[in-house]
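Asker: If you scroll down you'll find the structure; I have some questions about it.
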Amino acid sequence: MTSPVLPYPDAPVLVGIDAGATKAVAIAVTPDGERIARAEGPGANPKRHGLEDAADRIVALAHEVAKDRLRAEVHEAAKDRRPAAAHEPVPDRTPALLFVAGAGIDRPEHARALRAALEARLPATRIIVVNDTLAVLRAGTLDAVGLAVPVSTGGNVIGRGPDGRVTDRGHGIFGGAYALGALAARAALSDRVGQDLRRTVAAAGLRWTGRRPGPEAALLGAAVARAAEAGDPVPARMVDRWCARVTEAVDEEVDRLGLGPEPAVVVYGGLLEASAWLGDRIRQAILAASPGARLVSLATEPAEGAALLALDAWRGTPVAWDFTPRR
């Protein structure tokens, strides 16, 4: 049985993957920038899932999305000529280039380790691995220059300068849904938060035992933000501290990377939707450090940025990632 006739049977497929901690999203494009497909898979953070499992998950998702998803149209068109063609499987497609923007890729050695694991599985594919924030910057700006400030599970600030230097503050900033949830669990143990938040912590089954709670603590982030907005003193101080550290970080990164008086700052993350009040507080903290900052809200998902970075690399202008350690 012959394979179905595909619109671009020999065309290279480029894949960009936003490999997060809770899920990974892949987008496949042609070298001309035509979007072929989008697919989701489980999280693929080497720090959380282990290097080998993360690599396996990324490769499986890359193979899945690299298949030509125009088969529906092709099969439909083939029905009149050869009815069997409508039921033939589309062959696997190995991407010519795989660009992975990954959570947990905080240092060059992290990128090298994951790239080596992926190259062992995809020896014919050109592979590039960077920190996931670069996909956010590329999705929100034309040149991936500026700062990215997540209002989500973590509370980092990562920037990229015009010369390609990247400064990573890692987890040096206090904040993010996980930190809020973990500290709320600790405060609830001694009744230092309001009754509503105590009930939420109890319903979530979180209990401070002297060790960091599991990743489910991040699910409390929105509840902590609501308590802070309502005036609960301890949660309010948590948010105040987060904002103060954002101001400090933005001031430092703008100066370190030479971003000038009007840097682009991409503000993004699930907590923005859960708490408009918290989003306003974070934006005010950014402007306190850089009054001329151009605040950017993502109009598309970070995986779109990863796909654009894949295209940039294919066209000969790969994103420069010159890591400048903070400490």
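Ligands are numbered from 1 in the order shown, residues from 1 within each chain, and chains are lettered A, B, ... in the order they appear in the structure tokens.
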Report as JSON, numbers by chain all protein, DNA and RNA residues lying within 12 Å of Met238 of chain A, evaluated on only C-alpha atoms, omitting residues in the same chain fewer than 2 positions from it.

Answerer: {"A": [173, 174, 175, 176, 177, 178, 179, 180, 181, 182, 183, 184, 187, 193, 221, 224, 225, 227, 228, 229, 231, 232, 233, 234, 235, 236, 240, 241, 242, 243, 244, 245, 278]}

Asker: Store the residues of this selection in a file with C-alpha atoms, as a PDB file, in the first residue's frame.

Answerer:
```pdb
ATOM      1  CA  ILE A 173      13.112  36.712  43.652  1.00  0.00           C
ATOM      2  CA  PHE A 174      10.536  36.041  46.317  1.00  0.00           C
ATOM      3  CA  GLY A 175       7.215  35.362  44.666  1.00  0.00           C
ATOM      4  CA  GLY A 176       5.176  33.191  42.391  1.00  0.00           C
ATOM      5  CA  ALA A 177       2.182  30.999  43.123  1.00  0.00           C
ATOM      6  CA  TYR A 178       4.282  28.224  44.628  1.00  0.00           C
ATOM      7  CA  ALA A 179       6.035  30.498  47.119  1.00  0.00           C
ATOM      8  CA  LEU A 180       2.759  32.157  48.085  1.00  0.00           C
ATOM      9  CA  GLY A 181       1.062  28.803  48.596  1.00  0.00           C
ATOM     10  CA  ALA A 182       3.928  27.284  50.577  1.00  0.00           C
ATOM     11  CA  LEU A 183       4.206  30.272  52.895  1.00  0.00           C
ATOM     12  CA  ALA A 184       0.443  30.408  53.328  1.00  0.00           C
ATOM     13  CA  ALA A 187       1.325  30.695  58.249  1.00  0.00           C
ATOM     14  CA  VAL A 193      -3.832  34.061  58.147  1.00  0.00           C
ATOM     15  CA  GLY A 221      -1.526  31.261  44.653  1.00  0.00           C
ATOM     16  CA  VAL A 224      -3.404  34.035  48.659  1.00  0.00           C
ATOM     17  CA  ALA A 225      -3.682  36.950  46.220  1.00  0.00           C
ATOM     18  CA  ALA A 227      -6.642  37.319  50.729  1.00  0.00           C
ATOM     19  CA  ALA A 228      -3.975  39.978  50.241  1.00  0.00           C
ATOM     20  CA  GLU A 229      -6.339  42.123  48.192  1.00  0.00           C
ATOM     21  CA  GLY A 231      -6.464  43.116  53.501  1.00  0.00           C
ATOM     22  CA  ASP A 232      -5.315  39.939  55.266  1.00  0.00           C
ATOM     23  CA  PRO A 233      -2.021  41.258  56.748  1.00  0.00           C
ATOM     24  CA  VAL A 234       0.294  38.252  56.284  1.00  0.00           C
ATOM     25  CA  PRO A 235      -0.652  37.518  52.658  1.00  0.00           C
ATOM     26  CA  ALA A 236      -0.473  41.254  51.967  1.00  0.00           C
ATOM     27  CA  ASP A 240       4.501  43.443  49.135  1.00  0.00           C
ATOM     28  CA  ARG A 241       7.773  41.577  49.403  1.00  0.00           C
ATOM     29  CA  TRP A 242       7.346  39.983  45.994  1.00  0.00           C
ATOM     30  CA  CYS A 243       6.701  43.389  44.425  1.00  0.00           C
ATOM     31  CA  ALA A 244       9.680  44.958  46.192  1.00  0.00           C
ATOM     32  CA  ARG A 245      11.958  42.259  44.829  1.00  0.00           C
ATOM     33  CA  LEU A 278      -1.977  41.147  41.607  1.00  0.00           C
TER      34      LEU A 278
END
```

Asker: Do you have the atom CA of Ile17 of chain A-atom CA of Phe99 of chain A distance handy?

Answerer: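 Taking atom CA of Ile17 of chain A as the start and atom CA of Phe99 of chain A as the end point, the length is 6.2 Å.
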
Asker: Grab the atom CA of Ala148 of chain A to atom CA of Gly50 of chain A distance for me, in Å with one decimal place.

Answerer: 25.7 Å

Asker: Can you pull out every residue from segment 126-305 of chain A that DSSP, working from the backbone, puts in helix (DSSP H, G or I), and format the result as number ranges by chain?

Answerer: A: 133-140, 177-189, 195-203, 215-229, 233-257, 270-274, 276-289, 302-305

Asker: With distances taken over only C-alpha atoms, which residue among A:Pro12, A:Ala222, A:Val100, A:Asp251 lies nearest Ala307 of chain A?

Answerer: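 Nearest to Ala307 of chain A: A:Val100.
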
Asker: What are the DSSP strand (DSSP E) residues of segment 25-270 of chain A, as a compact mmCIF listing (two decimals) with C-alpha atoms, in the first residue's frame?

Answerer:
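As a result, out.txt now contains:
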```
# COMPACT_ATOMS: atom_id res chain seq x y z
CA VAL A 25 3.37 22.66 23.88
CA ALA A 26 4.84 22.10 20.42
CA ILE A 27 4.24 23.97 17.18
CA ALA A 28 5.48 22.75 13.80
CA VAL A 29 6.12 25.14 10.92
CA ARG A 35 2.06 26.67 10.68
CA ILE A 36 1.46 22.95 10.24
CA ALA A 37 0.31 21.76 13.63
CA ARG A 38 0.11 22.24 17.37
CA ALA A 39 0.24 19.51 20.01
CA GLU A 40 0.40 19.25 23.79
CA GLY A 41 2.13 16.73 26.00
CA PRO A 42 3.09 16.25 29.64
CA LEU A 97 15.31 21.50 13.48
CA LEU A 98 14.05 21.28 17.05
CA PHE A 99 14.10 24.38 19.22
CA VAL A 100 13.38 23.67 22.88
CA ALA A 101 12.66 26.53 25.28
CA GLY A 102 12.67 24.68 28.56
CA ARG A 126 19.61 20.11 14.56
CA ILE A 127 18.77 20.87 18.19
CA ILE A 128 18.89 24.11 20.15
CA VAL A 129 18.02 24.34 23.86
CA VAL A 130 17.55 27.59 25.80
CA ASN A 131 15.70 28.86 28.86
CA GLY A 146 13.89 43.03 27.04
CA LEU A 147 12.69 41.53 30.29
CA ALA A 148 10.18 38.79 31.03
CA VAL A 149 8.32 38.89 34.33
CA PRO A 150 6.17 35.82 35.03
CA ILE A 158 14.98 37.14 33.17
CA GLY A 159 16.27 39.54 30.57
CA ARG A 160 18.14 39.52 27.28
CA ARG A 165 23.65 38.55 27.03
CA VAL A 166 21.14 36.93 29.33
CA THR A 167 21.05 37.56 33.04
CA ASP A 168 19.18 35.04 35.13
CA ALA A 264 10.21 46.11 26.70
CA VAL A 265 8.89 44.11 29.66
CA VAL A 266 6.67 41.12 28.93
CA VAL A 267 4.32 40.39 31.83
CA TYR A 268 2.63 37.02 31.57
```

Asker: Between atom CA of Ala62 of chain A and atom CA of Leu134 of chain A, what is the distance, to one decimal in Å?

Answerer: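 Result for atom CA of Ala62 of chain A versus atom CA of Leu134 of chain A: 19.1 Å, one decimal.
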
Asker: Go through A:Ala303, A:Ala320, A:Ala223, A:Ala249 and flag the residue nearest Ala288 of chain A, using only C-alpha atoms for the distances.

Answerer: A:Ala249

Asker: Leaving out Leu206 of chain A and any residue of its chain fewer than 6 positions from it, which residues lie within 8 Å of it when counting only C-alpha atoms, given as a ChimeraX atom specification?

Answerer: /A:185,213,217

Asker: Could you save those same residues with all heavy atoms as a PDB file, in the first residue's frame?

Answerer:
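Result written to part-v6.pdb:
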```pdb
ATOM      1  N   ALA A 185       0.688  28.007  53.684  1.00  0.00           N
ATOM      2  CA  ALA A 185       0.537  26.769  54.451  1.00  0.00           C
ATOM      3  C   ALA A 185       1.283  26.872  55.785  1.00  0.00           C
ATOM      4  O   ALA A 185       0.780  26.432  56.824  1.00  0.00           O
ATOM      5  CB  ALA A 185       1.055  25.584  53.642  1.00  0.00           C
ATOM      6  N   PRO A 213       6.457  21.961  50.653  1.00  0.00           N
ATOM      7  CA  PRO A 213       5.353  21.104  50.190  1.00  0.00           C
ATOM      8  C   PRO A 213       5.521  20.769  48.718  1.00  0.00           C
ATOM      9  O   PRO A 213       6.402  21.307  48.040  1.00  0.00           O
ATOM     10  CB  PRO A 213       4.117  21.973  50.446  1.00  0.00           C
ATOM     11  CG  PRO A 213       4.620  23.375  50.417  1.00  0.00           C
ATOM     12  CD  PRO A 213       6.024  23.330  50.960  1.00  0.00           C
ATOM     13  N   ALA A 217       1.214  23.162  45.934  1.00  0.00           N
ATOM     14  CA  ALA A 217       1.131  24.426  46.686  1.00  0.00           C
ATOM     15  C   ALA A 217       0.856  25.598  45.760  1.00  0.00           C
ATOM     16  O   ALA A 217       0.239  26.593  46.161  1.00  0.00           O
ATOM     17  CB  ALA A 217       2.422  24.654  47.473  1.00  0.00           C
TER      18      ALA A 217
END
```

Asker: Would you kindly return, as a list in words, each protein, DNA or RNA residue with an atom no farther than 12 Å from any atom of Asp32 of chain A, considering only C-alpha atoms and excluding same-chain residues fewer than 6 positions away?

Answerer: Tyr8, Ala11, Pro12, Val13, Leu14, Ala307, Leu308, Ala310, Leu311, Asp312, Trp314 and Arg315 of chain A

Asker: Can I get the selection written as a PDB file, in the first residue's frame, with C-alpha atoms?

Answerer:
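Listed below is the output, part.pdb:
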```
ATOM      1  CA  TYR A   8       5.087  18.978   1.064  1.00  0.00           C
ATOM      2  CA  ALA A  11       9.880  19.881   2.929  1.00  0.00           C
ATOM      3  CA  PRO A  12      11.780  20.232   6.214  1.00  0.00           C
ATOM      4  CA  VAL A  13       9.673  20.550   9.329  1.00  0.00           C
ATOM      5  CA  LEU A  14      10.771  22.899  12.097  1.00  0.00           C
ATOM      6  CA  ALA A 307       8.395  28.314  16.803  1.00  0.00           C
ATOM      7  CA  LEU A 308       9.575  31.795  15.788  1.00  0.00           C
ATOM      8  CA  ALA A 310      13.130  27.856  15.331  1.00  0.00           C
ATOM      9  CA  LEU A 311      12.450  29.874  12.181  1.00  0.00           C
ATOM     10  CA  ASP A 312      15.076  32.451  13.152  1.00  0.00           C
ATOM     11  CA  TRP A 314      16.729  28.023  10.299  1.00  0.00           C
ATOM     12  CA  ARG A 315      17.140  31.340   8.498  1.00  0.00           C
TER      13      ARG A 315
END
```
